[in-house]
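A.B. asks: What follows is the file my_file34.cif, containing mmCIF, C-alpha atoms:
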data_my_file
loop_
_atom_site.label_atom_id
_atom_site.label_comp_id
_atom_site.auth_asym_id
_atom_site.auth_seq_id
_atom_site.Cartn_x
_atom_site.Cartn_y
_atom_site.Cartn_z
CA MET A 1 19.42 6.74 -1.54
CA LYS A 2 19.68 4.15 -4.30
CA VAL A 3 23.13 3.05 -5.50
CA LEU A 4 24.63 4.04 -8.81
CA ARG A 5 23.58 2.02 -11.84
CA PRO A 6 25.89 1.18 -14.78
CA GLN A 7 24.05 3.72 -16.95
CA ASP A 8 24.78 6.40 -14.34
CA ILE A 9 28.49 5.70 -14.61
CA LEU A 10 28.20 5.87 -18.40
CA LEU A 11 26.43 9.24 -18.07
CA VAL A 12 29.31 10.57 -15.94
CA VAL A 13 31.78 9.42 -18.61
CA LEU A 14 29.74 11.12 -21.36
CA PHE A 15 29.53 14.41 -19.46
CA ALA A 16 33.27 14.21 -18.83
CA GLY A 17 33.71 13.77 -22.58
CA LEU A 18 31.63 16.89 -23.19
CA ALA A 19 33.83 18.87 -20.80
CA ALA A 20 36.99 17.52 -22.44
CA ALA A 21 35.71 18.32 -25.94
CA SER A 22 34.83 21.91 -25.05
CA PRO A 23 36.96 24.23 -27.24
CA THR A 24 37.07 26.96 -24.58
CA ARG A 25 37.95 24.76 -21.56
CA ASP A 26 36.12 27.39 -19.52
CA ILE A 27 36.02 26.42 -15.81
CA ASP A 28 32.48 27.78 -15.33
CA GLU A 29 31.30 25.75 -18.29
CA ILE A 30 32.86 22.60 -16.85
CA LEU A 31 31.28 23.26 -13.42
CA LEU A 32 27.86 23.72 -15.04
CA LEU A 33 28.26 20.42 -16.90
CA ALA A 34 29.24 18.71 -13.63
CA ALA A 35 26.20 20.19 -11.87
CA LEU A 36 23.91 19.00 -14.65
CA ALA A 37 25.36 15.50 -14.45
CA ALA A 38 24.93 15.43 -10.66
CA VAL A 39 21.32 16.63 -10.84
CA GLN A 40 20.46 14.19 -13.63
CA ILE A 41 21.89 11.21 -11.74
CA ALA A 42 20.92 12.07 -8.17
CA GLY A 43 17.41 13.42 -8.78
CA PRO A 44 15.54 10.09 -9.13
CA LYS A 45 17.43 8.63 -6.17
CA ILE A 46 16.64 11.28 -3.53
CA PRO A 47 13.54 10.26 -1.48
CA ALA A 48 12.53 13.90 -0.95
CA LEU A 49 12.16 14.30 -4.73
CA SER A 50 9.95 11.22 -5.16
CA THR A 51 6.73 13.27 -4.84
CA ALA A 52 5.13 15.03 -7.81
CA ARG A 53 6.24 18.44 -6.48
CA GLY A 54 9.76 17.13 -5.90
CA LYS A 55 9.99 15.82 -9.46
CA VAL A 56 8.85 19.14 -10.87
CA LEU A 57 11.46 20.94 -8.75
CA TRP A 58 14.20 18.57 -9.96
CA ILE A 59 13.28 18.97 -13.66
CA VAL A 60 12.99 22.77 -13.38
CA LEU A 61 16.45 22.81 -11.79
CA GLU A 62 17.74 20.83 -14.79
CA LEU A 63 16.16 23.37 -17.12
CA VAL A 64 17.70 26.31 -15.24
CA LEU A 65 21.18 24.75 -15.30
CA ALA A 66 20.86 23.95 -19.03
CA TYR A 67 19.69 27.52 -19.72
CA VAL A 68 22.60 29.02 -17.81
CA LEU A 69 25.06 26.70 -19.58
CA ILE A 70 23.73 27.69 -23.02
CA GLY A 71 23.79 31.39 -22.18
CA HIS A 72 27.30 31.25 -20.71
CA SER A 73 28.82 29.19 -23.53
CA GLY A 74 27.18 31.48 -26.11
CA ARG A 75 28.80 34.58 -24.60
CA SER A 76 32.13 32.75 -24.61
CA ARG A 77 32.03 32.33 -28.38
CA GLU A 78 33.00 34.94 -30.87
CA HIS A 79 30.48 35.50 -33.63
CA GLY A 80 30.02 38.08 -36.27
CA TRP A 81 26.54 39.08 -35.11
CA GLY A 82 27.02 39.30 -31.36
CA GLU A 83 27.28 37.28 -28.19
CA SER A 84 24.17 35.25 -27.33
CA GLY A 85 23.08 31.79 -26.22
CA LEU A 86 21.84 31.42 -29.80
CA THR A 87 25.45 30.72 -30.81
CA SER A 88 25.98 28.01 -28.17
CA ASN A 89 26.87 24.49 -29.19
CA TYR A 90 24.94 23.20 -26.17
CA TYR A 91 21.42 24.06 -27.39
CA SER A 92 20.51 20.33 -27.51
CA ILE A 93 21.21 20.05 -23.74
CA LEU A 94 17.59 21.23 -23.34
CA LEU A 95 16.59 17.68 -24.27
CA LEU A 96 17.57 16.56 -20.75
CA PRO A 97 14.68 18.26 -18.87
CA MET A 98 12.31 17.36 -21.73
CA ILE A 99 13.16 13.65 -21.47
CA SER A 100 13.00 13.73 -17.66
CA ALA A 101 9.56 15.37 -17.82
CA ALA A 102 8.27 12.81 -20.32
CA THR A 103 9.52 10.03 -18.04
CA TYR A 104 8.15 11.27 -14.72
CA LEU A 105 5.44 13.91 -15.23
CA GLY A 106 3.01 12.45 -17.74
CA VAL A 107 1.55 14.01 -20.89
CA ILE A 108 0.57 17.45 -19.59
CA GLY A 109 3.71 17.93 -17.52
CA SER A 110 5.85 16.81 -20.43
CA TRP A 111 4.26 19.29 -22.83
CA LEU A 112 4.58 22.15 -20.35
CA ILE A 113 8.30 21.47 -19.88
CA THR A 114 8.72 21.16 -23.66
CA LEU A 115 7.09 24.57 -24.14
CA LEU A 116 9.33 26.01 -21.41
CA CYS A 117 12.42 24.60 -23.13
CA CYS A 118 11.39 26.04 -26.49
CA GLY A 119 10.57 29.35 -24.83
CA ALA A 120 13.93 29.31 -23.05
CA TRP A 121 15.71 28.86 -26.38
CA LEU A 122 13.69 31.65 -28.04
CA SER A 123 14.39 33.97 -25.10
CA PHE A 124 18.00 34.27 -26.21
CA PHE A 125 16.76 36.49 -29.07
CA LEU A 126 16.06 39.08 -26.36
CA PHE A 127 19.80 39.40 -25.74
CA VAL A 128 20.53 40.37 -29.36
CA ASP A 129 20.68 44.08 -30.13
CA PHE A 130 19.04 44.11 -33.56
CA LYS A 131 19.86 47.83 -33.97
CA GLU A 132 23.53 47.01 -34.14
CA VAL A 133 23.49 43.39 -35.29
CA GLU A 134 21.73 41.84 -38.21
CA ILE A 135 21.30 38.09 -38.25
CA PRO A 136 21.48 36.71 -41.78
CA GLN A 137 18.20 35.28 -43.07
CA GLU A 138 19.81 31.90 -43.69
CA GLN A 139 21.13 31.81 -40.11
CA MET A 140 17.72 32.85 -38.77
CA ARG A 141 16.10 29.92 -40.56
CA ILE A 142 18.66 27.59 -38.99
CA LEU A 143 17.91 28.96 -35.51
CA VAL A 144 14.17 28.58 -36.01
CA MET A 145 14.76 25.06 -37.33
CA TRP A 146 16.76 24.22 -34.18
CA ASN A 147 13.84 25.36 -32.01
CA LEU A 148 11.36 23.34 -34.07
CA LEU A 149 13.63 20.32 -33.80
CA LEU A 150 13.49 20.69 -30.01
CA ALA A 151 9.68 20.66 -30.16
CA VAL A 152 9.67 17.63 -32.49
CA ALA A 153 12.09 15.77 -30.22
CA GLY A 154 9.94 16.65 -27.18
CA ASN A 155 6.83 15.35 -28.92
CA LEU A 156 8.51 12.09 -29.94
CA VAL A 157 9.90 11.53 -26.45
CA ASN A 158 6.47 12.23 -24.99
CA VAL A 159 4.80 9.73 -27.36
CA LEU A 160 7.38 7.09 -26.49
CA ALA A 161 7.08 7.73 -22.74
CA GLU A 162 3.27 7.62 -22.92
CA ALA A 163 3.42 4.29 -24.77
CA MET A 164 5.73 2.96 -22.07
CA ARG A 165 3.37 4.21 -19.34
CA VAL A 166 0.41 2.50 -21.01
CA GLN A 167 2.37 -0.73 -21.36
CA SER A 168 3.58 -0.46 -17.77
CA GLY A 169 -0.02 0.05 -16.64
CA LYS A 170 -1.04 -3.11 -18.48
CA PHE A 171 1.78 -5.06 -16.86
CA ARG A 172 0.83 -3.67 -13.45
CA LYS A 173 -2.82 -4.60 -14.00
CA THR A 174 -1.79 -8.09 -15.08
CA ALA A 175 0.39 -8.45 -11.98
CA GLU A 176 -2.48 -7.30 -9.76
CA ASP A 177 -4.87 -9.74 -11.47
CA LEU A 178 -2.37 -12.56 -11.00
CA ALA A 179 -1.91 -11.64 -7.34
CA GLU A 180 -5.69 -11.58 -6.84
CA ALA A 181 -6.04 -14.91 -8.65
CA ASN A 182 -3.30 -16.34 -6.45
CA ARG A 183 -5.09 -15.13 -3.32
CA ASN A 184 -8.37 -16.63 -4.53
CA LEU A 185 -6.60 -19.89 -5.36
CA SER A 186 -5.03 -20.00 -1.91
CA GLN A 187 -8.44 -19.41 -0.33
CA ALA A 188 -9.98 -22.10 -2.52
CA GLU A 189 -7.24 -24.56 -1.60
CA ALA A 190 -7.75 -23.76 2.08
CA ALA A 191 -11.51 -24.29 1.66
CA VAL A 192 -10.93 -27.66 -0.05
CA ARG A 193 -8.55 -28.78 2.70
CA ARG A 194 -11.05 -27.65 5.31
CA ALA A 195 -13.88 -29.48 3.54
CA ASP A 196 -11.82 -32.67 3.39
CA ARG A 197 -11.04 -32.45 7.08
CA LEU A 198 -14.68 -31.72 7.87
CA ALA A 199 -15.85 -34.72 5.87
CA ALA A 200 -13.41 -37.12 7.52
CA LEU A 201 -13.97 -35.81 11.04
CA GLY A 202 -17.71 -35.66 10.45
CA GLN A 203 -17.86 -39.37 9.64
CA LEU A 204 -15.70 -40.14 12.67
CA SER A 205 -17.89 -37.97 14.91
CA ALA A 206 -21.10 -39.57 13.68
CA GLY A 207 -19.87 -43.10 14.32
CA LEU A 208 -18.40 -42.24 17.70
CA ALA A 209 -21.50 -40.34 18.81
CA HIS A 210 -23.82 -43.24 18.02
CA GLU A 211 -21.54 -45.63 19.91
CA LEU A 212 -21.45 -43.37 22.96
CA ARG A 213 -25.15 -42.65 23.27
CA ASN A 214 -26.16 -46.13 24.41
CA PRO A 215 -23.61 -46.45 27.25
CA LEU A 216 -24.36 -42.88 28.30
CA GLY A 217 -28.04 -43.75 28.58
CA THR A 218 -27.18 -46.79 30.68
CA ILE A 219 -24.94 -44.76 32.96
CA ARG A 220 -27.66 -42.11 33.38
CA ALA A 221 -30.28 -44.72 34.30
CA SER A 222 -27.87 -46.42 36.73
CA ALA A 223 -27.10 -43.09 38.41
CA GLU A 224 -30.84 -42.45 38.91
CA MET A 225 -31.33 -45.93 40.37
CA LEU A 226 -28.36 -45.40 42.65
CA ALA A 227 -29.74 -42.08 43.87
CA ARG A 228 -33.10 -43.72 44.70
CA SER A 229 -31.63 -46.78 46.39
CA VAL A 230 -29.06 -45.23 48.72
CA PRO A 231 -30.17 -44.36 52.26
CA ALA A 232 -31.39 -40.81 52.76
CA ASP A 233 -28.65 -40.12 55.28
CA ASN A 234 -25.88 -41.05 52.81
CA GLU A 235 -25.22 -37.59 51.47
CA VAL A 236 -21.95 -38.53 49.82
CA ALA A 237 -23.54 -41.26 47.69
CA LYS A 238 -26.39 -38.98 46.66
CA GLU A 239 -23.92 -36.22 45.71
CA VAL A 240 -21.81 -38.64 43.68
CA ALA A 241 -24.92 -39.95 41.90
CA GLY A 242 -25.87 -36.36 41.09
CA PHE A 243 -22.40 -35.68 39.71
CA ILE A 244 -22.68 -38.76 37.49
CA ALA A 245 -26.07 -37.70 36.16
CA SER A 246 -25.01 -34.10 35.45
CA GLU A 247 -21.78 -35.18 33.71
CA VAL A 248 -23.73 -37.68 31.63
CA ASP A 249 -26.13 -34.91 30.62
CA ARG A 250 -23.21 -32.69 29.64
CA SER A 251 -21.61 -35.51 27.65
CA ASN A 252 -24.93 -36.29 25.98
CA ALA A 253 -25.29 -32.62 24.96
CA LEU A 254 -21.79 -32.77 23.48
CA VAL A 255 -22.68 -35.94 21.57
CA THR A 256 -25.78 -34.17 20.24
CA ARG A 257 -23.59 -31.35 18.96
CA PHE A 258 -21.31 -33.90 17.32
CA LEU A 259 -24.31 -35.38 15.54
CA ASP A 260 -25.51 -31.94 14.48
CA PHE A 261 -22.10 -31.34 12.98
CA ALA A 262 -21.87 -34.72 11.23
CA ARG A 263 -25.45 -34.91 10.00
CA PRO A 264 -25.94 -33.77 6.36
CA LEU A 265 -27.71 -30.43 6.21
CA GLN A 266 -31.06 -30.18 4.50
CA LEU A 267 -31.39 -26.55 3.48
CA LYS A 268 -34.83 -24.99 3.56
CA LEU A 269 -34.31 -22.23 1.04
CA ALA A 270 -36.59 -19.22 0.88
CA LEU A 271 -36.29 -15.62 -0.24
CA THR A 272 -35.09 -13.84 2.89
CA ASP A 273 -33.93 -10.35 3.79
CA ILE A 274 -30.44 -10.72 5.22
CA GLY A 275 -31.05 -7.68 7.42
CA ASP A 276 -33.89 -9.49 9.23
CA VAL A 277 -31.64 -12.51 9.84
CA LEU A 278 -28.89 -10.30 11.23
CA ASP A 279 -31.30 -8.40 13.47
CA ARG A 280 -32.53 -11.66 15.04
CA ALA A 281 -28.94 -12.81 15.60
CA VAL A 282 -28.09 -9.48 17.26
CA THR A 283 -31.11 -9.80 19.58
CA LEU A 284 -30.06 -13.30 20.64
CA VAL A 285 -26.48 -12.23 21.35
CA GLU A 286 -27.63 -9.25 23.41
CA ARG A 287 -29.87 -11.63 25.36
CA ASP A 288 -27.32 -14.41 25.87
CA ALA A 289 -24.19 -12.32 26.49
CA PRO A 290 -25.30 -9.30 28.54
CA GLN A 291 -22.17 -9.52 30.68
CA HIS A 292 -19.99 -8.28 27.79
CA ARG A 293 -21.98 -5.04 27.45
CA ILE A 294 -20.80 -4.44 23.90
CA THR A 295 -22.35 -2.07 21.38
CA ILE A 296 -23.26 -3.58 18.01
CA TYR A 297 -23.31 -1.10 15.14
CA LYS A 298 -25.33 -2.00 12.03
CA ASN A 299 -24.26 -0.83 8.59
CA TYR A 300 -26.61 -2.53 6.13
CA SER A 301 -26.43 -1.84 2.40
CA PRO A 302 -29.75 -0.92 0.77
CA ASP A 303 -28.52 -2.58 -2.47
CA LEU A 304 -29.00 -6.10 -1.10
CA ALA A 305 -32.41 -7.45 -2.08
CA PRO A 306 -33.82 -10.65 -0.49
CA PHE A 307 -32.18 -13.82 -1.82
CA LEU A 308 -32.43 -17.58 -1.27
CA MET A 309 -31.08 -18.92 2.02
CA ASP A 310 -32.00 -21.08 4.99
CA ALA A 311 -32.88 -18.30 7.41
CA GLU A 312 -32.66 -20.47 10.54
CA LEU A 313 -29.22 -21.84 9.70
CA MET A 314 -27.85 -18.44 8.63
CA GLU A 315 -29.16 -16.93 11.87
CA ARG A 316 -27.08 -19.57 13.65
CA VAL A 317 -24.03 -18.56 11.59
CA PHE A 318 -24.20 -14.90 12.53
CA TYR A 319 -25.15 -15.65 16.13
CA ASN A 320 -21.92 -17.65 16.52
CA LEU A 321 -19.80 -15.01 14.77
CA LEU A 322 -21.29 -12.16 16.81
CA LEU A 323 -20.94 -14.12 20.05
CA ASN A 324 -17.28 -14.83 19.29
CA ALA A 325 -16.74 -11.14 18.47
CA ALA A 326 -18.38 -10.14 21.75
CA GLN A 327 -16.22 -12.58 23.72
CA ALA A 328 -13.07 -11.31 21.97
CA SER A 329 -13.92 -7.67 22.73
CA GLU A 330 -13.26 -5.81 25.92
CA THR A 331 -16.19 -4.96 28.15
CA GLY A 332 -17.92 -1.93 26.70
CA GLY A 333 -16.30 -2.48 23.31
CA ALA A 334 -17.91 -2.24 19.88
CA VAL A 335 -18.69 -4.72 17.12
CA THR A 336 -19.70 -3.63 13.62
CA LEU A 337 -22.02 -5.64 11.39
CA LYS A 338 -21.68 -4.56 7.76
CA THR A 339 -23.27 -5.76 4.54
CA ARG A 340 -22.59 -4.84 0.92
CA LEU A 341 -23.11 -6.05 -2.63
CA LEU A 342 -19.81 -7.36 -4.02
CA GLU A 343 -19.52 -8.71 -7.58
CA GLY A 344 -22.71 -10.76 -7.55
CA THR A 345 -22.39 -11.88 -3.94
CA ALA A 346 -23.64 -10.65 -0.60
CA GLU A 347 -20.77 -9.87 1.76
CA ILE A 348 -21.54 -9.78 5.47
CA ALA A 349 -18.66 -8.68 7.69
CA VAL A 350 -18.47 -9.04 11.47
CA ILE A 351 -15.80 -6.61 12.69
CA ASP A 352 -14.46 -6.53 16.22
CA ARG A 353 -11.67 -4.55 17.83
CA GLY A 354 -10.58 -7.24 20.23
CA GLN A 355 -7.45 -9.26 20.80
CA GLY A 356 -7.19 -10.66 17.27
CA ILE A 357 -6.05 -14.10 16.15
CA ASP A 358 -2.50 -15.42 16.17
CA PRO A 359 -1.41 -15.92 12.50
CA LYS A 360 -0.06 -19.35 13.44
CA ILE A 361 -3.53 -20.69 14.23
CA ARG A 362 -5.63 -18.66 11.78
CA GLU A 363 -6.00 -21.52 9.30
CA GLN A 364 -7.03 -23.94 12.05
CA ILE A 365 -9.90 -21.98 13.58
CA PHE A 366 -12.49 -23.64 11.31
CA ASN A 367 -11.25 -27.16 12.11
CA PRO A 368 -13.59 -29.27 14.25
CA PHE A 369 -12.53 -29.59 17.91
CA PHE A 370 -9.98 -26.79 17.65
CA THR A 371 -10.55 -24.15 20.30
CA THR A 372 -8.63 -21.61 22.35
CA LYS A 373 -11.40 -21.32 24.95
CA GLY A 374 -11.06 -23.15 28.21
CA ASN A 375 -14.66 -24.42 28.17
CA GLY A 376 -15.13 -24.70 24.40
CA VAL A 377 -15.37 -27.85 22.28
CA GLY A 378 -14.28 -26.30 18.99
CA LEU A 379 -17.43 -26.92 16.93
CA GLY A 380 -18.91 -23.43 16.65
CA LEU A 381 -16.84 -22.13 13.72
CA ALA A 382 -16.71 -25.60 12.13
CA ILE A 383 -20.51 -25.67 11.98
CA VAL A 384 -20.57 -22.05 10.75
CA SER A 385 -18.17 -22.95 7.94
CA LYS A 386 -20.23 -26.02 7.03
CA ILE A 387 -23.46 -24.02 6.79
CA VAL A 388 -21.82 -21.36 4.61
CA ASP A 389 -20.30 -24.05 2.35
CA GLU A 390 -23.71 -25.71 1.97
CA HIS A 391 -25.09 -22.37 0.76
CA GLY A 392 -22.37 -22.26 -1.89
CA GLY A 393 -20.59 -19.41 -0.11
CA ARG A 394 -17.19 -18.98 1.43
CA MET A 395 -15.58 -17.37 4.43
CA ALA A 396 -12.54 -15.15 4.77
CA VAL A 397 -10.77 -13.95 7.88
CA GLU A 398 -8.56 -10.91 8.41
CA SER A 399 -6.98 -10.42 11.79
CA ASP A 400 -4.28 -8.27 13.32
CA PRO A 401 -3.21 -9.44 16.80
CA GLY A 402 -4.05 -6.80 19.33
CA LYS A 403 -6.22 -4.80 16.92
CA GLY A 404 -9.17 -7.03 16.10
CA SER A 405 -10.60 -9.37 13.48
CA ILE A 406 -12.92 -9.29 10.47
CA PHE A 407 -14.94 -12.39 9.60
CA ARG A 408 -16.40 -12.09 6.10
CA VAL A 409 -19.23 -14.31 4.89
CA LEU A 410 -19.77 -14.23 1.11
CA LEU A 411 -23.05 -15.73 -0.08
CA PRO A 412 -24.16 -16.16 -3.70
CA LEU A 413 -27.27 -14.19 -4.60
CA GLN A 414 -28.36 -17.03 -6.90
CA HIS A 415 -28.24 -20.43 -5.26
CA LYS A 416 -26.90 -23.25 -7.41
CA SER A 417 -29.04 -26.33 -7.01
#
Show me this structure written as structure tokens.
C.D. replies:
Amino acid sequence: MKVLRPQDILLVVLFAGLAAASPTRDIDEILLLAALAAVQIAGPKIPALSTARGKVLWIVLELVLAYVLIGHSGRSREHGWGESGLTSNYYSILLLPMISAATYLGVIGSWLITLLCCGAWLSFFLFVDFKEVEIPQEQMRILVMWNLLLAVAGNLVNVLAEAMRVQSGKFRKTAEDLAEANRNLSQAEAAVRRADRLAALGQLSAGLAHELRNPLGTIRASAEMLARSVPADNEVAKEVAGFIASEVDRSNALVTRFLDFARPLQLKLALTDIGDVLDRAVTLVERDAPQHRITIYKNYSPDLAPFLMDAELMERVFYNLLLNAAQASETGGAVTLKTRLLEGTAEIAVIDRGQGIDPKIREQIFNPFFTTKGNGVGLGLAIVSKIVDEHGGRMAVESDPGKGSIFRVLLPLQHKS
């Protein structure tokens, strides 16, 4: 439960003043005032009353206590035309449930409680025996005026509360917009940092790859000459020469990947159905990773018409993402491939239910040469990110360790040349 606020303490003091000012000093009247004060203060702070039904229950309880207080204090007064709540000095206490309703229940709820309060006040006429008592016409007008004043006060409170709700909604919308803008800015900053790192490492990779290719070629040729020149019975020398040749081939393949990463992309744009690209990527993954035995579910949006892209490069993007998802999933697991139209962009999501990504390394996964795989070189996601950037798109990652990851690719439907 929330702690008391200064205004709550002030409310206790005011209710104590009401009890002290009571001319009758009736104990029941004082207890009813104390109960009203407790309900008014504690209601908004009790978690069980935070639901719509709980708020209604709390406000109705306020109304019942106010009604009982008015009826009791009216019977305690002596009046020439009988004992009734109509003679109570506490008639304005009905403003409490009306204000609470305007604050927490909205327009309709506020008006319903206002009508109940007015009806509660009018119900005290039922306790007057008009055969024996005659209420003066002037007094009747005053009683009717009091009831109308309750309705007017309820309407004004409702108008004020509605204006506050509208203003609060605007503030909330502004806060949500600012939060969304902040998230987009953070993503943009991360993309810029990633692009800077890619540019610097790309230049380094290109220079290093060109410098390595010549000595690798020499080593490969020397290993072949060594294999041909050693005696046939020297199995050790032949095996070592074979090791040298195979390692050179592996290194040369790695250098080729470095060059592919560093080389500027020349997009071959054409109107392409993204569904066709995804289907080809799925076929390749099912062919190249049969050992994972995963099920790939397709959820393609019919709203996405063909748009400009380099189909071959985008197929490579989704092949890498699907292969990573398959490797992150347990054997027999499921991966979902989902597309949708989102504010002028095509969103393609690759969703797995695998081990997830540690939040500490999430921002690094698109960096070149960063990998968590024992036999990886850390260029797959870097190349994926580069291709998406060249298309004018962006990537976003959501991951919950132990529950899976979502890689989102957002591509513009109109390519900016």
A.B. asks: If you measure from CA of Gly392 (chain A) to CA of Arg193 (chain A), what distance in Å do you get, rounded to one decimal?
C.D. replies: 16.0 Å
A.B. asks: Applied to this file, what does the PyMOL selection byres ((chain A and resi 35-41) around 12) return in terms of residues, put as a short mmCIF file (atom, residue, chain, number, x, y, z; two decimals) with C-alpha atoms, in the frame of the given file?
C.D. replies:
data_model
loop_
_atom_site.label_atom_id
_atom_site.label_comp_id
_atom_site.auth_asym_id
_atom_site.auth_seq_id
_atom_site.Cartn_x
_atom_site.Cartn_y
_atom_site.Cartn_z
CA MET A 1 19.42 6.74 -1.54
CA LYS A 2 19.68 4.15 -4.30
CA VAL A 3 23.13 3.05 -5.50
CA LEU A 4 24.63 4.04 -8.81
CA ARG A 5 23.58 2.02 -11.84
CA PRO A 6 25.89 1.18 -14.78
CA GLN A 7 24.05 3.72 -16.95
CA ASP A 8 24.78 6.40 -14.34
CA ILE A 9 28.49 5.70 -14.61
CA LEU A 10 28.20 5.87 -18.40
CA LEU A 11 26.43 9.24 -18.07
CA VAL A 12 29.31 10.57 -15.94
CA VAL A 13 31.78 9.42 -18.61
CA LEU A 14 29.74 11.12 -21.36
CA PHE A 15 29.53 14.41 -19.46
CA ALA A 16 33.27 14.21 -18.83
CA GLY A 17 33.71 13.77 -22.58
CA LEU A 18 31.63 16.89 -23.19
CA ALA A 19 33.83 18.87 -20.80
CA ASP A 28 32.48 27.78 -15.33
CA GLU A 29 31.30 25.75 -18.29
CA ILE A 30 32.86 22.60 -16.85
CA LEU A 31 31.28 23.26 -13.42
CA LEU A 32 27.86 23.72 -15.04
CA LEU A 33 28.26 20.42 -16.90
CA ALA A 34 29.24 18.71 -13.63
CA ALA A 42 20.92 12.07 -8.17
CA GLY A 43 17.41 13.42 -8.78
CA PRO A 44 15.54 10.09 -9.13
CA LYS A 45 17.43 8.63 -6.17
CA ILE A 46 16.64 11.28 -3.53
CA LEU A 49 12.16 14.30 -4.73
CA LYS A 55 9.99 15.82 -9.46
CA LEU A 57 11.46 20.94 -8.75
CA TRP A 58 14.20 18.57 -9.96
CA ILE A 59 13.28 18.97 -13.66
CA VAL A 60 12.99 22.77 -13.38
CA LEU A 61 16.45 22.81 -11.79
CA GLU A 62 17.74 20.83 -14.79
CA LEU A 63 16.16 23.37 -17.12
CA VAL A 64 17.70 26.31 -15.24
CA LEU A 65 21.18 24.75 -15.30
CA ALA A 66 20.86 23.95 -19.03
CA TYR A 67 19.69 27.52 -19.72
CA VAL A 68 22.60 29.02 -17.81
CA LEU A 69 25.06 26.70 -19.58
CA ILE A 93 21.21 20.05 -23.74
CA LEU A 94 17.59 21.23 -23.34
CA LEU A 95 16.59 17.68 -24.27
CA LEU A 96 17.57 16.56 -20.75
CA PRO A 97 14.68 18.26 -18.87
CA MET A 98 12.31 17.36 -21.73
CA ILE A 99 13.16 13.65 -21.47
CA SER A 100 13.00 13.73 -17.66
CA ALA A 101 9.56 15.37 -17.82
#
A.B. asks: To one decimal place, how far is CA of Tyr90 (chain A) from CA of Ser123 (chain A) in Å?
C.D. replies: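 Pair CA of Tyr90 (chain A) / CA of Ser123 (chain A) returns 15.1 Å.
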A.B. asks: Using only C-alpha atoms, which of A:Val56, A:Val409, A:Ile142, A:Leu341 sits nearest Phe318 (chain A)?
C.D. replies: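 For Phe318 (chain A), the nearest of the candidates is A:Val409.
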A.B. asks: Near Arg220 (chain A), within 8 Å and counting all atoms listed in the file, which residues show up once chain neighbours fewer than 4 positions away are dropped, as a compact mmCIF listing (two decimals) with C-alpha atoms, in the frame of the given file?
C.D. replies:
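Saved to around_2.txt:
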# COMPACT_ATOMS: atom_id res chain seq x y z
CA LEU A 216 -24.36 -42.88 28.30
CA GLU A 224 -30.84 -42.45 38.91
CA ILE A 244 -22.68 -38.76 37.49
CA ALA A 245 -26.07 -37.70 36.16
CA VAL A 248 -23.73 -37.68 31.63
CA ASP A 249 -26.13 -34.91 30.62
A.B. asks: Given the file shown, determine the residues that the PyMOL selection byres ((chain A and resi 284-286) around 12) selects; report them as a ChimeraX atom specification.
C.D. replies: /A:277-283,287-296,315-327,335
A.B. asks: Could you state the separation of CA of Phe407 (chain A) and CA of Ala253 (chain A) in Å, given to one decimal place?
C.D. replies: 27.4 Å
A.B. asks: Just say which residues the PyMOL selection byres ((chain A and resi 384) around 9) picks in this file, as a PyMOL selection string.
C.D. replies: chain A and resi 313-314+316-318+320-321+366+379-383+385-389
A.B. asks: Which of these, A:Arg340, A:Ala232, A:Ser329, A:Arg172, has the shortest distance to Gly275 (chain A) once you count all atoms listed in the file?
C.D. replies: A:Arg340
A.B. asks: In terms of the shortest atom-to-atom distance over only C-alpha atoms, which of A:Gly393, A:Gly333, A:Gly169, A:Gly404 is closest to Val350 (chain A)?
C.D. replies: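 The closest residue to Val350 (chain A) is A:Gly404.
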